[in-house]
>>> print(open('coords-v5.txt').read())   # compact mmCIF, C-alpha atoms
# COMPACT_ATOMS: atom_id res chain seq x y z
CA MET A 659 0.00 0.00 0.00
CA ALA A 660 1.30 3.44 -0.90
CA ARG A 661 1.91 5.91 1.87
CA LEU A 662 3.28 9.37 2.47
CA ILE A 663 5.82 9.92 5.24
CA LEU A 664 5.42 13.54 6.36
CA MET A 665 8.14 15.31 8.33
CA THR A 666 7.34 18.57 10.06
CA ALA A 667 9.04 20.58 12.76
CA GLU A 668 7.09 18.54 15.31
CA GLY A 669 8.00 15.08 14.05
CA THR A 670 7.32 12.39 11.48
CA GLN A 671 3.96 10.88 10.58
CA ALA A 672 3.05 8.11 8.11
CA VAL A 673 -0.21 8.49 6.19
CA ASP A 674 -1.70 5.67 4.10
CA LEU A 675 -2.81 7.06 0.76
CA ARG A 676 -6.33 6.68 -0.61
CA PRO A 677 -7.14 6.66 -4.34
CA VAL A 678 -7.61 10.48 -4.17
CA ASN A 679 -5.85 12.58 -1.49
CA SER A 680 -6.13 16.34 -1.14
CA LEU A 681 -3.42 18.19 0.78
CA GLY A 682 -3.63 21.72 2.17
CA ARG A 683 -4.42 23.91 5.18
CA HIS A 684 -8.22 23.71 4.92
CA PRO A 685 -9.94 21.22 7.27
CA ASN A 686 -11.87 19.66 4.36
CA ASN A 687 -8.66 18.20 2.89
CA THR A 688 -8.06 14.50 3.46
CA ILE A 689 -4.56 15.43 4.72
CA GLN A 690 -4.63 18.77 6.52
CA LEU A 691 -1.23 20.42 6.88
CA LEU A 692 -1.08 23.03 9.63
CA ASP A 693 1.68 24.96 7.90
CA LYS A 694 1.21 28.68 7.25
CA ILE A 695 3.12 28.52 3.95
CA VAL A 696 0.88 25.79 2.48
CA SER A 697 -2.18 26.91 0.48
CA LYS A 698 -5.71 26.03 1.61
CA GLU A 699 -6.01 23.64 -1.33
CA HIS A 700 -2.38 22.98 -2.24
CA CYS A 701 -2.21 19.75 -4.25
CA ILE A 702 -3.81 16.39 -4.95
CA ILE A 703 -2.17 12.97 -4.98
CA GLU A 704 -4.32 10.53 -6.94
CA GLN A 705 -3.97 6.96 -8.09
CA ARG A 706 -4.16 6.32 -11.82
CA GLY A 707 -4.01 2.66 -12.61
CA ASP A 708 -1.00 1.21 -10.80
CA HIS A 709 0.82 4.50 -10.13
CA PHE A 710 0.22 7.79 -8.30
CA VAL A 711 0.26 11.32 -9.75
CA LEU A 712 0.76 14.60 -7.86
CA ARG A 713 -1.21 17.55 -9.25
CA ASP A 714 -0.45 21.08 -8.03
CA LEU A 715 -3.61 23.19 -7.67
CA GLY A 716 -1.96 26.52 -8.48
CA SER A 717 -0.45 26.98 -5.04
CA LEU A 718 1.35 30.27 -4.48
CA ASN A 719 4.55 28.81 -3.03
CA GLY A 720 4.52 25.74 -5.26
CA THR A 721 4.91 22.02 -4.80
CA PHE A 722 8.29 20.39 -5.36
CA VAL A 723 9.11 16.78 -6.21
CA ASN A 724 12.81 15.95 -5.86
CA ASN A 725 13.59 19.70 -5.66
CA GLU A 726 11.88 20.47 -8.98
CA ARG A 727 8.76 22.63 -9.05
CA VAL A 728 5.65 20.83 -10.30
CA ARG A 729 3.88 22.67 -13.08
CA GLY A 730 0.63 20.82 -13.60
CA GLU A 731 1.26 17.16 -12.81
CA ALA A 732 4.16 14.89 -11.91
CA GLY A 733 4.25 11.11 -11.67
CA LEU A 734 5.40 9.75 -8.32
CA LYS A 735 7.69 6.79 -7.78
CA HIS A 736 8.96 5.06 -4.66
CA GLY A 737 11.32 7.30 -2.67
CA ASP A 738 10.35 10.65 -4.26
CA GLU A 739 10.84 13.63 -1.93
CA ILE A 740 7.88 16.06 -1.84
CA ALA A 741 8.07 19.61 -0.43
CA LEU A 742 5.04 21.78 0.41
CA GLY A 743 5.96 24.92 2.32
CA ALA A 744 7.99 23.93 5.38
CA THR A 745 6.54 20.40 5.28
CA ARG A 746 8.62 17.65 3.70
CA GLY A 747 7.39 14.24 2.67
CA ARG A 748 8.57 11.02 1.10
CA PHE A 749 6.35 8.95 -1.18
CA GLU A 750 6.60 5.22 -0.52
CA ASP A 751 5.05 2.69 -2.87
CA PRO A 752 7.08 -0.51 -2.57
CA PRO A 753 6.75 -3.16 -5.29
CA ALA A 754 3.99 -5.75 -4.75
CA GLY A 755 6.29 -8.48 -3.40
CA ALA A 756 8.44 -6.22 -1.22
CA HIS A 757 5.98 -6.00 1.70
CA MET A 758 5.93 -9.79 2.02
CA GLN A 759 9.69 -9.90 2.60
CA GLN A 760 9.73 -7.19 5.24
CA GLN A 761 6.97 -5.88 7.44
CA ARG A 762 8.26 -2.31 7.14
CA PRO A 763 10.95 -1.47 4.62
CA GLN A 764 13.81 0.51 6.07
CA SER A 765 14.25 3.82 4.32
CA PRO A 766 16.89 6.49 4.74
CA GLN A 767 16.23 9.07 7.41
CA MET A 768 14.83 12.35 6.14
CA GLN A 769 16.36 15.51 7.46
CA PRO A 770 14.01 18.05 9.05
CA PRO A 771 13.27 21.11 6.95
CA GLN A 772 15.81 23.86 7.35
CA MET A 773 15.55 27.47 6.37
CA GLN A 774 18.39 28.86 4.35
CA PRO A 775 20.10 31.71 6.22
CA ARG A 776 19.63 35.10 4.65
CA SER A 777 22.52 37.32 3.96
CA SER A 778 23.51 39.29 7.04
CA ARG A 779 24.27 42.18 4.71
CA ALA A 780 20.57 43.01 4.33
CA ALA A 781 20.06 42.96 8.11
CA THR A 782 22.99 45.20 8.90
CA ARG A 783 22.27 47.61 6.07
CA ARG A 784 19.63 49.28 8.22
CA GLY A 785 21.62 48.94 11.42
CA ARG A 786 19.44 46.20 12.87
CA SER A 787 20.61 42.81 14.01
CA ARG A 788 19.21 39.65 12.47
CA ALA A 789 17.27 38.76 15.60
CA SER A 790 15.39 42.06 15.71
CA ARG A 791 14.82 42.26 11.96
CA SER A 792 11.17 42.04 10.97
CA PRO A 793 9.97 40.87 7.55
CA LEU A 794 7.36 43.66 7.63
CA PRO A 795 7.97 47.20 6.49
CA ARG A 796 8.52 49.65 9.36
CA SER A 797 5.17 51.26 8.72
CA GLY A 798 3.33 47.95 9.19
CA ARG A 799 1.39 48.53 6.00
CA GLY A 800 1.54 46.85 2.64
CA PRO A 801 0.92 43.37 1.37
CA ALA A 802 3.26 41.68 3.86
CA SER A 803 1.32 43.00 6.86
CA LYS A 804 -1.98 41.86 5.32
CA VAL A 805 -0.59 38.36 4.94
CA LYS A 806 0.72 38.36 8.51
CA ARG A 807 -2.64 39.55 9.86
CA SER A 808 -4.56 36.90 7.91
CA LEU A 809 -2.13 34.15 8.93
CA SER A 810 -2.35 35.13 12.60
CA ARG A 811 -6.08 34.33 12.47
CA LEU A 812 -5.41 30.72 11.48
CA ARG A 813 -5.87 28.36 14.35
CA PRO A 814 -5.70 24.58 14.37
CA THR A 815 -9.14 23.02 14.29
CA THR A 816 -10.30 20.66 16.97
CA ALA A 817 -10.55 16.96 16.25
CA SER A 818 -13.85 16.07 14.64
CA SER A 819 -15.50 13.04 13.13
CA GLN A 820 -14.17 13.94 9.66
CA PRO A 821 -11.99 11.21 8.14
CA CYS A 822 -8.90 13.32 7.57
CA THR A 823 -5.34 13.51 8.81
CA ARG A 824 -3.99 16.64 10.44
CA VAL A 825 -0.29 17.34 10.43
CA ARG A 826 1.00 20.20 12.54
CA CYS A 827 3.96 22.23 11.35
CA ARG A 828 5.39 25.28 12.97
CA PRO A 829 7.69 27.47 10.90
CA PRO A 830 11.29 27.36 12.10
CA PRO A 831 12.18 30.18 14.52
>>> encode(input="coords-v5.txt", output="structure tokens")
Amino acid sequence: MARLILMTAEGTQAVDLRPVNSLGRHPNNTIQLLDKIVSKEHCIIEQRGDHFVLRDLGSLNGTFVNNERVRGEAGLKHGDEIALGATRGRFEDPPAGAHMQQQRPQSPQMQPPQMQPRSSRAATRRGRSRASRSPLPRSGRGPASKVKRSLSRLRPTTASSQPCTRVRCRPPP
């Protein structure tokens, strides 16, 4: 059975894949990712015949398979690395006879997502240290502040009877 191993800042979680799987922030997705960088309806992983296909739904920050941005659709094969925002995942679809040999195939450890350090030149240009630097303009206006205000309203939903998987991800400090 195909599954998606999701790694967030809070840990690793294995999710068995259905024939159609929607991923995103919205609670109606079959796999809800509590990651502020992920779109409400980010992508779909669906089974077509004997293989799975990832379809990006026009997400703003994009979906990446093996560090290449998906434009439209991309076929998935065993071991493919998937990136959605700060959430990383690995697609596992072992061959039909492989699960009879081993209960759980051993796979290489995934590294937690890491943010690339920004140049310290931009931080010191204005005389501020990196720690005190804010991504918002000093005035607090503009598109960045609107995004921050809308993202601050997002709260994790409580567990309900919906058959979905929630994965929590906090952005790195």
>>> residues_around(input="coords-v5.txt", residues="A:Asp738", least_positions_apart="3", cutoff="6 Å", atoms="all atoms listed in the file", output="list in words")
Lys735, Arg748 and Phe749 of chain A
>>> atom_distance(input="coords-v5.txt", atom1="atom CA of A:Asn724", atom2="atom CA of A:Ile740")
6.4 Å
>>> closest_residue(input="coords-v5.txt", among="A:Ala744, A:Val678, A:Leu692, A:Val728", to="A:Asp714", atoms="only C-alpha atoms")
A:Val728
>>> atom_distance(input="coords-v5.txt", atom1="atom CA of A:Leu681", atom2="atom CA of A:Gly707")
20.5 Å
>>> residues_near_point(input="coords-v5.txt", point="(-6.5, 19.3, 5.7)", cutoff="9 Å", atoms="all atoms listed in the file", output="list in words")
Ser680, Leu681, Gly682, Arg683, His684, Pro685, Asn686, Asn687, Thr688, Ile689, Gln690, Leu691, Leu692, Lys698, Glu699, Cys822, Thr823, Arg824 and Val825 of chain A
>>> decode(input="coords-v5.txt", residues="stretch 696-707 of chain A", atoms="all heavy atoms", output="JSON list (two decimals), in the first residue's frame")
[["chain", "number", "residue", "atom", "x", "y", "z"],
["A", 696, "VAL", "N", 1.65, 26.65, 3.37],
["A", 696, "VAL", "CA", 0.88, 25.79, 2.48],
["A", 696, "VAL", "C", -0.46, 26.47, 2.16],
["A", 696, "VAL", "O", -1.08, 27.07, 3.02],
["A", 696, "VAL", "CB", 0.65, 24.42, 3.15],
["A", 696, "VAL", "CG1", -0.30, 23.55, 2.36],
["A", 696, "VAL", "CG2", 1.98, 23.71, 3.33],
["A", 697, "SER", "N", -0.90, 26.34, 0.90],
["A", 697, "SER", "CA", -2.18, 26.91, 0.48],
["A", 697, "SER", "C", -3.34, 26.11, 1.08],
["A", 697, "SER", "O", -3.17, 24.97, 1.50],
["A", 697, "SER", "CB", -2.29, 26.88, -1.05],
["A", 697, "SER", "OG", -1.29, 27.65, -1.63],
["A", 698, "LYS", "N", -4.53, 26.72, 1.08],
["A", 698, "LYS", "CA", -5.71, 26.03, 1.61],
["A", 698, "LYS", "C", -5.97, 24.75, 0.84],
["A", 698, "LYS", "O", -6.29, 23.72, 1.41],
["A", 698, "LYS", "CB", -6.94, 26.93, 1.53],
["A", 698, "LYS", "CG", -6.93, 28.05, 2.53],
["A", 698, "LYS", "CD", -8.19, 28.88, 2.39],
["A", 698, "LYS", "CE", -8.14, 30.06, 3.33],
["A", 698, "LYS", "NZ", -9.32, 30.91, 3.17],
["A", 699, "GLU", "N", -5.88, 24.81, -0.47],
["A", 699, "GLU", "CA", -6.01, 23.64, -1.33],
["A", 699, "GLU", "C", -4.74, 23.59, -2.16],
["A", 699, "GLU", "O", -4.66, 24.19, -3.23],
["A", 699, "GLU", "CB", -7.25, 23.75, -2.19],
["A", 699, "GLU", "CG", -8.52, 23.73, -1.36],
["A", 699, "GLU", "CD", -9.77, 24.01, -2.18],
["A", 699, "GLU", "OE1", -9.63, 24.44, -3.35],
["A", 699, "GLU", "OE2", -10.87, 23.81, -1.65],
["A", 700, "HIS", "N", -3.73, 22.90, -1.68],
["A", 700, "HIS", "CA", -2.38, 22.98, -2.24],
["A", 700, "HIS", "C", -2.17, 22.02, -3.40],
["A", 700, "HIS", "O", -1.75, 22.43, -4.48],
["A", 700, "HIS", "CB", -1.36, 22.71, -1.13],
["A", 700, "HIS", "CG", 0.00, 23.22, -1.44],
["A", 700, "HIS", "ND1", 0.44, 24.46, -1.04],
["A", 700, "HIS", "CD2", 1.02, 22.67, -2.13],
["A", 700, "HIS", "CE1", 1.67, 24.63, -1.46],
["A", 700, "HIS", "NE2", 2.05, 23.55, -2.13],
["A", 701, "CYS", "N", -2.43, 20.73, -3.18],
["A", 701, "CYS", "CA", -2.21, 19.75, -4.25],
["A", 701, "CYS", "C", -3.06, 18.51, -4.02],
["A", 701, "CYS", "O", -3.68, 18.36, -2.96],
["A", 701, "CYS", "CB", -0.73, 19.37, -4.35],
["A", 701, "CYS", "SG", -0.10, 18.42, -2.97],
["A", 702, "ILE", "N", -3.08, 17.65, -5.02],
["A", 702, "ILE", "CA", -3.81, 16.39, -4.95],
["A", 702, "ILE", "C", -2.86, 15.27, -5.35],
["A", 702, "ILE", "O", -2.10, 15.41, -6.31],
["A", 702, "ILE", "CB", -5.05, 16.40, -5.88],
["A", 702, "ILE", "CG1", -6.09, 17.35, -5.32],
["A", 702, "ILE", "CG2", -5.62, 15.01, -6.06],
["A", 702, "ILE", "CD1", -7.35, 17.45, -6.14],
["A", 703, "ILE", "N", -2.89, 14.18, -4.60],
["A", 703, "ILE", "CA", -2.17, 12.97, -4.98],
["A", 703, "ILE", "C", -3.24, 11.93, -5.28],
["A", 703, "ILE", "O", -4.03, 11.58, -4.40],
["A", 703, "ILE", "CB", -1.24, 12.47, -3.86],
["A", 703, "ILE", "CG1", -0.17, 13.52, -3.56],
["A", 703, "ILE", "CG2", -0.59, 11.15, -4.25],
["A", 703, "ILE", "CD1", 0.74, 13.17, -2.39],
["A", 704, "GLU", "N", -3.29, 11.49, -6.55],
["A", 704, "GLU", "CA", -4.32, 10.53, -6.94],
["A", 704, "GLU", "C", -3.72, 9.32, -7.63],
["A", 704, "GLU", "O", -2.68, 9.41, -8.27],
["A", 704, "GLU", "CB", -5.37, 11.20, -7.82],
["A", 704, "GLU", "CG", -4.85, 11.77, -9.11],
["A", 704, "GLU", "CD", -5.92, 12.53, -9.89],
["A", 704, "GLU", "OE1", -7.12, 12.29, -9.66],
["A", 704, "GLU", "OE2", -5.54, 13.36, -10.72],
["A", 705, "GLN", "N", -4.42, 8.21, -7.48],
["A", 705, "GLN", "CA", -3.97, 6.96, -8.09],
["A", 705, "GLN", "C", -4.58, 6.86, -9.48],
["A", 705, "GLN", "O", -5.77, 7.06, -9.67],
["A", 705, "GLN", "CB", -4.41, 5.78, -7.24],
["A", 705, "GLN", "CG", -3.86, 4.47, -7.73],
["A", 705, "GLN", "CD", -4.16, 3.33, -6.77],
["A", 705, "GLN", "OE1", -4.95, 3.49, -5.85],
["A", 705, "GLN", "NE2", -3.54, 2.20, -7.01],
["A", 706, "ARG", "N", -3.72, 6.55, -10.44],
["A", 706, "ARG", "CA", -4.16, 6.32, -11.82],
["A", 706, "ARG", "C", -3.60, 4.97, -12.25],
["A", 706, "ARG", "O", -2.41, 4.86, -12.54],
["A", 706, "ARG", "CB", -3.66, 7.42, -12.74],
["A", 706, "ARG", "CG", -4.30, 8.75, -12.45],
["A", 706, "ARG", "CD", -3.98, 9.75, -13.53],
["A", 706, "ARG", "NE", -4.45, 11.06, -13.15],
["A", 706, "ARG", "CZ", -4.00, 12.18, -13.65],
["A", 706, "ARG", "NH1", -3.06, 12.15, -14.58],
["A", 706, "ARG", "NH2", -4.48, 13.34, -13.25],
["A", 707, "GLY", "N", -4.46, 4.01, -12.28],
["A", 707, "GLY", "CA", -4.01, 2.66, -12.61],
["A", 707, "GLY", "C", -3.15, 2.11, -11.49],
["A", 707, "GLY", "O", -3.57, 2.03, -10.36]]
